[in-house]
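Here the structure is laid out as structure tokens; the discussion comes afterwards.
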Amino acid sequence: MLKFDLGEAQRRFYIGYSGGVDSHVLLHCCASITQLQGKIIAVYVHHGLQAEAESWAGHCEKTAKDLGVEFLTLRVNARAAPGESPEEAARNARYAALKSLLNVDDVLLLAQHREDQLETVLLQLFRGSGLRGLSGMPERQAFGAGVMLRPLLNTSKQAISDYARAHRLSWVEDPSNESNDYDRNFLRNAVVPLLKQRWPSLDKTLSRSAKHCADAQVLVDEVADELFDAVFNPADRTLCISRLLEHHRHQQQLIIRHWFRHRGLKMPSQSFVRRILSEVVAAAGHRDPVLSGQGYSIRRYRNKLYCLINLFGTDLYLPEGHQAGKPDVANLPGADLHSPEGHQAGKPDVISPPGTKKPGINQALQVPQNRVWPVGQASINIINKQTLAYKLSSKGIPYEQWQTANVEVRFRQGGEKICLPGREGHHSLKNLFQEAGIPPWERDVMPLIYLNGQLAAVGDLWISTAFYSEKAQGCISFCLQS
């Protein structure tokens with residue numbers, strides 16, 4: 001029943017074991033393979049969503065012990081976030097927990113079978129998915145630091161049931177599988193049986209169609225890689241707008257989808273991709289449109305297209321009083337790219353996901369706060385996951401001066417000026433930022449380092465002439481880390 005390459009270097013084989021018949025059969029099969037003995041770890045993911053979950057964990061542990069297999073329980077928070085379905089929340093939590101287990105060369109085995117593939121492809125079809133979605137689940141894919149295998153993907157549910165009865169296996173039944181409130185259960189319980197009355201081999205034929213889609217997607221990816229590489233700037237993960245516009249519309253859409261995949265984002269809808277092209281890419285040069293999706297915003301500056309992750313505080317910050325560019329904010333679904341009624345210039349209209357309380361501008365956009373740099377500390381958190389650190393250098397601020405100074409990290413108030421080594425006069429930060437091509441939304445969160453009340457450095461960009469020195473390993477410079 002099992003057909004997969006055990007390999008030579010693989011160290012551990014984790015088996016996702018829910019206690020159901022499918023994963024029990026997979027575990028039983030693997031436990032009987034001599035080469036896997038001592039390498040198998042059965043993993044039960046406790047979602048905490050059902051009262052029976054604790055007893056199921058006990059059942060799984062006993063079964064693993066009876067088979068001579070190591071056992072592990074992972075407890076996760078599977079509560080759905082706004083806009084996330086219960087099934088999606090449970091899957092995301094489960095995969096995140098399992099991914100954290102794998103080291104290089106480790107393998108995760110899952111028990112999805114041919115009928116599971118059938119349901120997956122049908123669900124993707126009903127959602128209007130493209131080739132990637134209609135490819136269904138792959139038999140093998142990279143997963144964390146290791147690899148995920150689905151060795152039963154070409155095995156029928158009937159063959160699994162027959163194996164379980166022949167070996168007198170004991171498994172648990174999840175009562176939620178009988179509820180047609182969930183899309184997959186509705187397909188499994190009501191739709192697929194009816195379809196199979198007419199087309200008994202439906203699971204085989206749809207599996208074959210999924211394989212055709214997967215093969216076609218490989219070719220599309222090869223084309224997308226070539227197009228994307230010519231447009232993508234890896235330094236700041238932006239797209240070059242002028243190069244993007246050299247391609248025809250279908251290629252532009254392909255590049256943008258590839259961009260989202262590269263950023264690890266959920267694939268955007270076709271209508272959203274079109275809006276990126278028509279409302280942001282094609283916007284007049286004097287405009288500063290912001291098109292917001294779930295957890296990200298699309299924005300342009302000069303000749304670059306930016307995907308800023310998480311409007312609520314990761315990459316995109318627009319503090320209260322922000323004036324740079326006076327951005328036009330559009331929020332999905334269906335908003336226009338103009339300042340909404342009641343919108344104040346410099347204060348973008350922040351729309352919360354459905355069902356959540358609308359936060360104040362400071363709460364939503366994580367305004368950075370001035371702070372003192374603790375003595376003896378090599379780094380300081382700026383905002384969310386962004387850190388400012390210093391490192392030893394041959395050029396920069398003398399280390400002994402740094403150690404004795406009162407160091408503060410502040411943020412722009414307007415009107416700041418700095419004198420730079422090798423340049424005459426004092427220069428406003430506004431002009432320097434424009435000269436360096438720093439996007440407007442990054443300027444107000446750029447940390448300003450003050451020594452004894454004087455501006456000494458601007459992030460990792462510039463150091464003031466008044467503090468600049470060149471000494472072999474006797475200075476410090478700064479670096480911003482995300």
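Chain lettering (A, B, ...) mirrors the order of the structure tokens, residue numbering begins at 1 for each chain separately, and ligand numbering begins at 1 in order of display.
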For this session: Can you list, as a PyMOL selection string, all residues belonging to stretch 133-162 of chain A that DSSP tags as helix (DSSP H, G or I)?
Result: chain A and resi 133-134+157-162
For this session: Please provide as a list in words all residues within 8 Å of stretch 142-149 of chain A, with the sequence filter that same-chain residues fewer than 6 positions apart are discarded (counting only C-alpha atoms).
Result: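 The contact residues come out as Lys99, Ser100, Leu102, Asn103, Val104, Asp105, Asp106, Val107, Leu108, Leu109 and Leu110 of chain A.
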Problem set entry | Residue with smallest distance to A:Trp56 - pool A:Asp460, A:Glu70, A:Glu173, A:Glu139, counting only C-alpha atoms |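 Going through A:Asp460, A:Glu70, A:Glu173, A:Glu139 one by one, the smallest distance to A:Trp56 is for A:Glu173.
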Sorted by chain and rising residue number, which residues of stretch 41-149 of chain A lie within 12 Å of stretch 200-215 of chain A, and what are their closest atom pairs and distances in Å to one decimal, counting only C-alpha atoms, as CSV?
```
residue,atom,partner,partner_atom,distance
A:His113,CA,A:Asp203,CA,9.8
A:Arg114,CA,A:Asp203,CA,6.1
A:Glu115,CA,A:Asp203,CA,5.8
A:Asp116,CA,A:Asp203,CA,8.8
A:Gln117,CA,A:Ser207,CA,6.6
A:Leu118,CA,A:Asp203,CA,5.4
A:Glu119,CA,A:Asp203,CA,8.8
A:Thr120,CA,A:Ala210,CA,9.8
A:Val121,CA,A:Ala210,CA,7.1
A:Leu122,CA,A:Leu206,CA,8.7
A:Gln124,CA,A:Ala210,CA,10.8
A:Leu125,CA,A:Ala210,CA,10.8
A:Ser129,CA,A:Cys213,CA,11.4
A:Gly130,CA,A:Cys213,CA,9.0
A:Leu131,CA,A:Cys213,CA,5.5
A:Arg132,CA,A:Ala214,CA,6.7
A:Gly133,CA,A:Cys213,CA,8.7
A:Leu134,CA,A:Ala210,CA,5.8
A:Ser135,CA,A:Ala210,CA,4.3
A:Gly136,CA,A:Ala210,CA,5.9
A:Met137,CA,A:Ala210,CA,8.5
A:Pro138,CA,A:Ala214,CA,8.3
A:Glu139,CA,A:Lys211,CA,10.3
```
Problem set entry | Spatial neighbours of stretch 471-473 of chain A, 9 Å, only C-alpha atoms, chain gap at least 3 places, as a PyMOL selection string | chain A and resi 392-396+398-399+476
Those same residues, written as a compact mmCIF listing (two decimals), in the first residue's frame with N, CA and C atoms?
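As a result, part07.txt now contains:
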```txt
# COMPACT_ATOMS: atom_id res chain seq x y z
N LEU A 392 30.35 46.68 15.99
CA LEU A 392 31.68 47.27 15.92
C LEU A 392 32.08 47.50 14.48
N SER A 393 32.74 48.63 14.23
CA SER A 393 33.07 49.01 12.87
C SER A 393 34.34 49.88 12.88
N SER A 394 34.95 50.01 11.72
CA SER A 394 36.13 50.88 11.61
C SER A 394 35.72 52.32 11.35
N LYS A 395 34.43 52.55 11.02
CA LYS A 395 33.93 53.88 10.77
C LYS A 395 32.62 54.06 11.51
N GLY A 396 32.40 55.25 12.07
CA GLY A 396 31.15 55.52 12.74
C GLY A 396 31.34 56.36 13.98
N PRO A 398 32.61 56.84 17.72
CA PRO A 398 33.59 56.22 18.62
C PRO A 398 32.89 55.46 19.75
N TYR A 399 33.35 54.26 20.00
CA TYR A 399 32.69 53.39 20.97
C TYR A 399 32.74 53.98 22.38
N ILE A 476 31.34 52.29 16.21
CA ILE A 476 30.13 51.49 16.01
C ILE A 476 29.33 52.08 14.86
```
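If you look at atom CA of A:Tyr390 and atom CA of A:Gly453, they are 18.7 Å away from each other.
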